[in-house]
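Heads up, protein-v3.txt below (compact mmCIF, C-alpha atoms):
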# COMPACT_ATOMS: atom_id res chain seq x y z
CA MET A 241 0.00 0.00 0.00
CA ALA A 242 1.46 3.32 -1.06
CA LYS A 243 1.75 6.01 1.59
CA GLY A 244 -0.03 9.27 0.79
CA ILE A 245 2.25 12.28 0.58
CA GLY A 246 2.04 15.95 -0.39
CA ARG A 247 3.92 18.21 -2.76
CA SER A 248 6.76 19.09 -0.39
CA GLU A 249 7.47 15.44 0.32
CA VAL A 250 7.51 14.69 -3.40
CA GLN A 251 10.12 17.39 -3.91
CA ARG A 252 12.18 16.12 -0.99
CA LEU A 253 12.10 12.48 -2.11
CA VAL A 254 13.10 13.41 -5.66
CA ALA A 255 15.90 15.69 -4.51
CA GLU A 256 17.29 13.57 -1.70
CA LYS A 257 16.48 9.99 -2.68
CA ASP A 258 16.25 10.23 -6.46
CA ALA A 259 12.67 9.01 -6.30
CA GLN A 260 11.02 7.79 -9.51
CA LEU A 261 7.84 9.57 -10.57
CA VAL A 262 5.18 7.47 -12.26
CA GLU A 263 2.11 9.01 -13.84
CA VAL A 264 -0.67 6.43 -14.01
CA LEU A 265 -2.99 8.37 -16.32
CA PRO A 266 -3.54 7.30 -19.95
CA ALA A 267 -0.73 8.15 -22.37
CA PRO A 268 -2.46 11.11 -24.10
CA GLU A 269 -2.82 12.92 -20.77
CA TYR A 270 0.76 12.16 -19.86
CA GLU A 271 1.98 13.49 -23.19
CA GLN A 272 0.13 16.75 -22.66
CA GLU A 273 1.59 17.45 -19.26
CA HIS A 274 3.51 15.60 -16.58
CA LEU A 275 5.91 16.22 -13.73
CA PRO A 276 9.56 16.63 -14.74
CA GLY A 277 11.24 13.28 -15.29
CA ALA A 278 8.07 11.26 -14.75
CA ILE A 279 7.48 8.09 -16.72
CA ASN A 280 4.07 6.85 -17.80
CA ILE A 281 2.59 3.53 -16.74
CA PRO A 282 -1.18 3.80 -17.19
CA LEU A 283 -3.08 2.23 -14.32
CA LYS A 284 -4.63 -0.38 -16.61
CA GLU A 285 -1.16 -1.47 -17.68
CA LEU A 286 0.42 -1.47 -14.25
CA ASN A 287 1.48 -5.03 -13.50
CA ARG A 288 4.52 -7.09 -12.53
CA GLU A 289 5.89 -6.90 -16.06
CA THR A 290 5.56 -3.13 -16.60
CA ALA A 291 6.93 -2.52 -13.11
CA LEU A 292 10.19 -4.14 -14.20
CA GLN A 293 11.29 -0.82 -15.71
CA LEU A 294 11.38 0.65 -12.21
CA ASP A 295 14.45 0.59 -9.99
CA ARG A 296 13.57 -1.27 -6.79
CA THR A 297 16.36 0.45 -4.89
CA ARG A 298 14.76 3.88 -5.29
CA PRO A 299 11.43 5.16 -3.96
CA VAL A 300 8.51 5.22 -6.37
CA ILE A 301 5.94 8.01 -6.35
CA VAL A 302 2.74 7.42 -8.28
CA TYR A 303 0.29 10.17 -9.12
CA CYS A 304 -2.67 10.99 -11.33
CA HIS A 305 -4.59 14.19 -11.96
CA ASP A 306 -5.77 14.90 -8.44
CA TYR A 307 -7.03 13.18 -5.30
CA GLN A 308 -9.93 11.56 -7.17
CA MET B 151 11.74 -6.98 -1.54
CA GLY B 152 8.87 -4.61 -2.40
CA PHE B 153 8.97 -1.03 -3.53
CA GLU B 154 9.21 1.94 -1.22
CA ALA B 155 6.01 3.36 -2.70
CA TYR B 156 4.24 6.68 -2.24
CA ASP B 157 1.08 8.22 -3.61
CA TYR B 158 1.16 11.93 -4.43
CA GLU B 159 -2.54 12.25 -3.68
CA ASP B 160 -3.13 15.78 -4.92
CA GLY B 161 -1.52 14.91 -8.25
CA LYS B 162 -0.43 17.06 -11.14
CA ARG B 163 -3.26 19.57 -10.76
CA ASP B 164 -1.79 20.52 -7.40
CA TRP B 165 1.73 20.59 -8.84
CA GLY B 166 0.77 22.96 -11.65
CA SER B 167 -1.29 25.23 -9.43
CA PHE B 168 1.82 26.03 -7.44
CA GLY B 169 3.69 27.05 -10.57
CA LEU B 170 6.16 24.17 -10.46
CA PRO B 171 7.98 23.01 -13.62
CA ARG B 172 6.21 20.61 -15.95
CA GLU B 173 6.95 18.76 -19.16
CA GLY B 174 4.79 17.82 -22.15
CA THR B 175 3.10 19.48 -25.09
CA LEU B 176 1.02 21.83 -22.94
CA ALA B 177 4.16 22.96 -21.16
CA GLN B 178 5.24 24.55 -24.45
CA THR B 179 2.50 27.17 -23.95
CA PRO B 180 3.66 29.78 -21.45
CA SER B 181 1.74 29.90 -18.20
CA ALA B 182 1.21 32.70 -15.71
CA ALA B 183 4.00 31.18 -13.61
CA GLU B 184 6.51 31.94 -16.32
CA VAL B 185 5.60 35.57 -16.95
CA ALA B 186 4.48 36.76 -13.50
CA ARG B 187 6.67 39.44 -11.99
CA ARG B 188 7.82 37.97 -8.70
CA ASP B 189 9.20 41.26 -7.38
CA VAL B 190 5.86 43.07 -7.10
CA PRO B 191 5.92 45.11 -3.86
CA THR B 192 4.10 43.95 -0.75
CA CYS B 193 3.14 45.51 2.56
CA THR B 194 1.16 44.54 5.64
CA LEU B 195 -2.09 45.87 7.06
CA GLY B 196 -0.55 48.06 9.73
CA ASP B 197 2.13 49.64 7.55
CA ASP B 198 2.18 53.42 7.27
CA LEU B 199 0.62 54.41 3.96
CA GLY B 200 3.03 57.27 3.32
CA GLU B 201 6.08 55.05 3.78
CA VAL B 202 4.61 52.33 1.60
CA SER B 203 3.71 54.80 -1.16
CA GLU B 204 7.22 56.20 -1.23
CA ARG B 205 8.82 52.74 -1.26
CA VAL B 206 6.54 51.53 -4.06
CA ARG B 207 7.13 54.63 -6.22
CA ASN B 208 10.90 54.44 -5.69
CA ALA B 209 10.84 50.84 -6.87
CA GLY B 210 9.09 51.91 -10.08
CA TRP B 211 5.74 50.33 -9.31
CA ASP B 212 2.23 51.76 -9.08
CA THR B 213 0.63 48.92 -7.13
CA CYS B 214 1.32 47.00 -3.96
CA PHE B 215 -0.21 43.86 -2.43
CA VAL B 216 -1.26 43.73 1.18
CA VAL B 217 -0.22 40.37 2.59
CA THR B 218 0.11 38.49 5.86
CA ASP B 219 3.46 37.32 7.21
CA GLU B 220 2.92 34.11 5.19
CA ARG B 221 2.29 36.16 2.00
CA VAL B 222 -1.43 35.39 1.94
CA VAL B 223 -3.09 38.16 -0.07
CA LEU B 224 -5.52 40.34 1.86
CA GLY B 225 -5.88 43.24 -0.51
CA ARG B 226 -4.29 45.56 -2.99
CA LEU B 227 -3.25 49.19 -3.17
CA GLY B 228 -3.82 50.68 -6.59
CA ARG B 229 -2.53 53.85 -8.22
CA ARG B 230 -5.22 56.01 -6.61
CA ALA B 231 -4.63 54.70 -3.10
CA LEU B 232 -0.91 55.18 -3.43
CA ALA B 233 -1.20 58.71 -4.82
CA GLY B 234 -3.90 60.05 -2.50
CA ASN B 235 -3.96 61.19 1.09
CA GLU B 236 -0.99 59.42 2.62
CA ASP B 237 -2.04 59.66 6.25
CA GLY B 238 -3.03 56.51 8.09
CA THR B 239 -2.42 52.85 7.50
CA VAL B 240 -2.61 50.63 4.47
CA GLU B 241 -5.72 48.95 5.84
CA SER B 242 -7.77 52.14 5.61
CA VAL B 243 -7.42 52.45 1.83
CA MET B 244 -6.79 48.98 0.43
CA SER B 245 -9.16 47.17 -1.90
CA GLU B 246 -9.97 43.84 -0.29
CA GLY B 247 -9.78 40.38 -1.84
CA PRO B 248 -8.60 41.00 -5.39
CA SER B 249 -9.56 38.43 -8.01
CA THR B 250 -6.63 36.13 -8.76
CA VAL B 251 -5.56 33.29 -11.04
CA ARG B 252 -3.36 30.25 -10.44
CA PRO B 253 0.20 30.02 -11.78
CA SER B 254 -0.80 27.14 -14.07
CA ILE B 255 -3.29 29.13 -16.18
CA GLY B 256 -2.20 29.44 -19.81
CA ILE B 257 -1.25 32.89 -21.02
CA ASP B 258 -3.84 32.83 -23.80
CA ALA B 259 -6.63 32.13 -21.28
CA LEU B 260 -5.30 34.82 -18.98
CA ILE B 261 -5.22 37.45 -21.72
CA GLN B 262 -8.80 36.55 -22.57
CA ARG B 263 -9.78 37.02 -18.92
CA MET B 264 -8.02 40.38 -18.87
CA ASP B 265 -9.95 41.41 -21.99
CA GLU B 266 -13.27 40.46 -20.42
CA ARG B 267 -12.54 42.48 -17.30
CA HIS B 268 -10.68 45.35 -18.99
CA LEU B 269 -7.58 44.74 -16.88
CA THR B 270 -3.93 45.38 -17.66
CA THR B 271 -2.58 43.31 -14.77
CA PHE B 272 -3.70 40.17 -12.93
CA PRO B 273 -2.41 38.87 -9.59
CA VAL B 274 -1.35 35.25 -9.35
CA THR B 275 -1.75 33.25 -6.16
CA THR B 276 -1.23 29.65 -5.13
CA PRO B 277 -4.19 27.55 -3.92
CA ASP B 278 -3.39 28.49 -0.33
CA GLY B 279 -3.83 32.16 -1.20
CA LYS B 280 -0.16 33.13 -1.17
CA LEU B 281 1.07 35.76 -3.60
CA PHE B 282 3.01 34.24 -6.48
CA GLY B 283 3.42 37.39 -8.56
CA LEU B 284 1.72 39.82 -10.90
CA VAL B 285 1.18 39.31 -14.61
CA ILE B 286 1.39 42.47 -16.71
CA ARG B 287 -0.54 42.27 -19.93
CA THR B 288 2.30 43.46 -22.16
CA ASP B 289 4.57 40.75 -20.69
CA ALA B 290 1.90 38.14 -21.38
CA GLU B 291 1.43 39.32 -24.97
CA LYS B 292 5.17 39.23 -25.63
CA ALA B 293 5.42 35.71 -24.19
CA LEU B 294 2.51 34.54 -26.30
CA ALA B 295 4.00 36.05 -29.45
CA SER B 296 7.39 34.43 -28.85
CA GLY B 297 6.02 31.15 -27.49

Show the structure stored in the file as structure tokens.
Amino acid sequence: MAKGIGRSEVQRLVAEKDAQLVEVLPAPEYEQEHLPGAINIPLKELNRETALQLDRTRPVIVYCHDYQ
Amino acid sequence: MGFEAYDYEDGKRDWGSFGLPREGTLAQTPSAAEVARRDVPTCTLGDDLGEVSERVRNAGWDTCFVVTDERVVLGRLGRRALAGNEDGTVESVMSEGPSTVRPSIGIDALIQRMDERHLTTFPVTTPDGKLFGLVIRTDAEKALASG
């Protein structure tokens, strides 16, 4: 279960722990706008196989459009 | 071993509304965050109006935002307030609760809003009401033309 965090914590984790940002929205929305350095793994495609591209030694931060 | 996983619950809407950097096709269009003047003068409610007016004029501005210690916008002093009777405090002459936009608004949308309201400037605040800066219409038009 992912722990909920806010904007400041995102910035801290990226700066201090080289956290990986993962946008889980569909590709067209990701292409329009995303956080710097974020990769796109749409929620419907998020599985063991697609997660292989992530580095297990670094924190992972997932996000979508807003809290909904 | 599992992932050290976090959920940025407020997501990219929150990120953009605080004027933070973004990537993607929409990021090619300038936003208010990129053209807002961050050095717009500020003062607090109890400040002496005469001192504020002099400081603002000397800095080359004709407006000043009234803010709390945390930069939350309470009001605005316009040209008339700054040029009038300079006795008293800022609070006695300020215009309360100016209309604002978020840093993430696109410049084209902001210019349209300025047109509708016949404005030449528009204050920019973050979702928690803190002053981000002031967009001047000519700056926005230049950014749009070069963007």

Separation of atom CA of Thr290 of chain A from atom CA of Gly161 of chain B, in Å and rounded to one decimal: 21.1 Å

With distances taken over all atoms listed in the file, which of B:Asp164, B:Glu236, B:Glu154, B:Asp219 is nearest to His274 of chain A? B:Asp164

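Reported to one decimal place, the separation of atom CA of Ala259 of chain A from atom CA of Phe168 of chain B is 20.2 Å.
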
By how many Å are atom CA of Thr271 of chain B and atom CA of Leu284 of chain B apart? 6.8 Å

Contact set, chain B to chain A: 8 Å, all atoms listed in the file, as a ChimeraX atom specification: /B:151-165,171-177

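Take the candidates B:Ser203, B:Gln262, B:Thr275, B:Asn208 and check each one against Gly238 of chain B using all atoms listed in the file; the shortest distance goes to B:Ser203.
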
Using only C-alpha atoms, what residues lie at most 9 Å away from (5.3, 35.1, -20.0) (file coordinates), given as a PyMOL selection string? chain B and resi 180-186+257+285-286+289-294+297

Take the residues just selected and output them with C-alpha atoms as a PDB file, in the coordinates of the input.
ATOM      1  CA  PRO B 180       3.660  29.780 -21.450  1.00  0.00           C
ATOM      2  CA  SER B 181       1.740  29.900 -18.200  1.00  0.00           C
ATOM      3  CA  ALA B 182       1.210  32.700 -15.710  1.00  0.00           C
ATOM      4  CA  ALA B 183       4.000  31.180 -13.610  1.00  0.00           C
ATOM      5  CA  GLU B 184       6.510  31.940 -16.320  1.00  0.00           C
ATOM      6  CA  VAL B 185       5.600  35.570 -16.950  1.00  0.00           C
ATOM      7  CA  ALA B 186       4.480  36.760 -13.500  1.00  0.00           C
ATOM      8  CA  ILE B 257      -1.250  32.890 -21.020  1.00  0.00           C
ATOM      9  CA  VAL B 285       1.180  39.310 -14.610  1.00  0.00           C
ATOM     10  CA  ILE B 286       1.390  42.470 -16.710  1.00  0.00           C
ATOM     11  CA  ASP B 289       4.570  40.750 -20.690  1.00  0.00           C
ATOM     12  CA  ALA B 290       1.900  38.140 -21.380  1.00  0.00           C
ATOM     13  CA  GLU B 291       1.430  39.320 -24.970  1.00  0.00           C
ATOM     14  CA  LYS B 292       5.170  39.230 -25.630  1.00  0.00           C
ATOM     15  CA  ALA B 293       5.420  35.710 -24.190  1.00  0.00           C
ATOM     16  CA  LEU B 294       2.510  34.540 -26.300  1.00  0.00           C
ATOM     17  CA  GLY B 297       6.020  31.150 -27.490  1.00  0.00           C
TER      18      GLY B 297
END

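The nearest approach to Thr218 of chain B among the residues B:Leu269, B:Ala259, B:Ala231, B:Leu195, with all atoms listed in the file taken into account, belongs to B:Leu195.
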
Long-range neighbours of Thr239 of chain B as a PyMOL selection string, 10 Å cut-off, only C-alpha atoms, 2 positions minimum in chain: chain B and resi 194-202+236-237+241-244
